[in-house]
Amino acid sequence: MFNNPFIKQLFGSFLDLAPILAVVLVFQVLVIRQPIPDVGNLIAGTLFVVFGLTLFIQGLEQSLFPIGESMAYALARKGSLFWLLAFAFCLGFGAAVAEPALIAVAEKAANIASNGNLIEQTDAAKAGYALGLRITVALSIGLAILVGVLRIIRGWPVYYPVFFGYVCIAIMTSFAPVEIIGIAYDSGGIATSSITVPLVTALGVGLATSIKGRNPMTDGFGLIVLASLMPTIFVMVYGMAI
């Protein structure tokens with residue numbers, strides 16, 4: 001039975017979640033010293049998470065990774081820098097704008113901004129604020145992936161744009177509204193989550209593999225750090241603009 005790849009992945013997902021469950025149970029029983037509430041729901045929820053995580057990983061391995069790598073390879077073979085950069089921007093933008101974590105946080109930020117009288121307390125104002133935040137982050141992710149792809153093509157060291165990005169963040173923090181700085185700093189991590197990371201990683205590795213003289217290990221990675229930095233800059237600009 002354990003020779004079945006799906007069963008092995010299912011067991012692996014359970015092992016990945018086991019430390020989290022152990023921490024929760026130990027603190028609940030030994031520190032808080034309270035009985036575990038809704039044991040049935042806890043068990044059912046854990047099984048759902050294990051099963052869902054297994055399906056998610058299987059989907060990445062069978063669809064997103066191969067698609068990202070094959071498209072990067074095909075566009076590199078085509079030899080058109082314009083279409084390759086256009087694809088990189090659109091991939092980053094599309095993945096970020098559909099990111100569930102970004103959608104949830106944008107809505108939460110809009111509600112808090114409304115309650116704090118930073119924007120009007122209307123559904124239209126909150127929806128506009130959340131949409132503007134999502135589009136801003138998505139545009140920044142698209143630009144970050146475009147810069148990252150250009151870096152791979154040109155062979156630039158990854159620390160050049162990273163150092164420049166951190167300098168920009170340090171300078172802009174002094175001018176950005178206090179209310180937006182926390183959201184801006186978190187936006188990079190929020191946007192580089194379950195959808196964006198696999199696609200971007202596949203794009204970088206596939207591109208570095210297809211270009212002569214590039215090493216997939218040293219040149220294929222490094223796109224995610226750019227995608228984490230750029231939203232911080234863009235969201236602070238968004239906060240100053242509104």
# chains A, B, ... in the order shown; residues from 1 in each chain; ligands from 1

call {"tool": "residues_around", "arguments": {"residues": "Ile224 in chain A", "least_positions_apart": "2", "cutoff": "9 Å", "atoms": "only C-alpha atoms", "output": "short mmCIF file (atom, residue, chain, number, x, y, z; two decimals) with C-alpha atoms, in the first residue's frame"}}
result
data_model
loop_
_atom_site.label_atom_id
_atom_site.label_comp_id
_atom_site.auth_asym_id
_atom_site.auth_seq_id
_atom_site.Cartn_x
_atom_site.Cartn_y
_atom_site.Cartn_z
CA ALA A 144 9.20 42.11 -9.82
CA ILE A 145 8.97 38.95 -11.94
CA GLY A 148 13.81 38.88 -12.11
CA THR A 192 3.96 35.28 -2.35
CA THR A 196 2.41 32.74 -6.79
CA VAL A 197 5.40 30.84 -5.41
CA VAL A 200 7.27 31.89 -10.21
CA THR A 201 9.71 29.20 -9.10
CA PHE A 221 16.04 31.03 -7.85
CA GLY A 222 15.82 34.54 -6.44
CA LEU A 226 12.05 40.33 -5.56
CA ALA A 227 8.35 39.53 -5.41
CA SER A 228 8.48 40.06 -1.64
CA LEU A 229 10.28 43.41 -1.83
#

call {"tool": "select_by_dssp", "arguments": {"residues": "range 22-216 of chain A", "states": "helix (DSSP H, G or I)", "output": "PyMOL selection string"}}
result
chain A and resi 22-31+39-78+81-97+100-115+123-154+159-173+178-191+196-210+216

call {"tool": "closest_residue", "arguments": {"among": "A:Leu60, A:Val29, A:Val147, A:Val50", "to": "Ile7 in chain A", "atoms": "only C-alpha atoms"}}
result
A:Val50

call {"tool": "residues_around", "arguments": {"residues": "Phe87 in chain A", "least_positions_apart": "6", "cutoff": "12 Å", "atoms": "only C-alpha atoms", "output": "list in words"}}
result
Gly68, Met71, Ala72, Tyr73, Ala74, Leu75, Ala76, Ser80, Leu81, Phe93, Gly94, Ala95, Gly142, Leu143, Ile145, Leu146, Val149, Leu150, Leu199, Val200, Leu203 and Leu207 of chain A

call {"tool": "closest_atom_pairs", "arguments": {"of": "range 54-101 of chain A", "to": "range 36-48 of chain A", "cutoff": "12 Å", "atoms": "only C-alpha atoms", "output": "Markdown table"}}
result
| residue | atom | partner | partner_atom | distance |
| --- | --- | --- | --- | --- |
| A:Thr54 | CA | A:Phe48 | CA | 9.8 |
| A:Leu55 | CA | A:Phe48 | CA | 10.5 |
| A:Phe56 | CA | A:Phe48 | CA | 11.9 |

call {"tool": "closest_residue", "arguments": {"among": "A:Ile20, A:Val167, A:Ile152, A:Val235", "to": "Ser140 in chain A", "atoms": "only C-alpha atoms"}}
result
A:Val235

call {"tool": "residues_around", "arguments": {"residues": "range 169-183 of chain A", "least_positions_apart": "3", "cutoff": "9 Å", "atoms": "only C-alpha atoms", "output": "list in words"}}
result
Val105, Ala109, Ala113, Leu118, Phe164, Gly165, Tyr166, Asp186, Ser187, Leu229, Met230, Thr232, Ile233, Val235, Met236, Val237, Tyr238, Gly239 and Met240 of chain A

call {"tool": "residues_around", "arguments": {"residues": "Ser194 in chain A", "least_positions_apart": "4", "cutoff": "9 Å", "atoms": "only C-alpha atoms", "output": "ChimeraX atom specification"}}
result
/A:99-101,198

call {"tool": "atom_distance", "arguments": {"atom1": "CA of Leu139 in chain A", "atom2": "CA of Asn111 in chain A"}}
result
22.4 Å
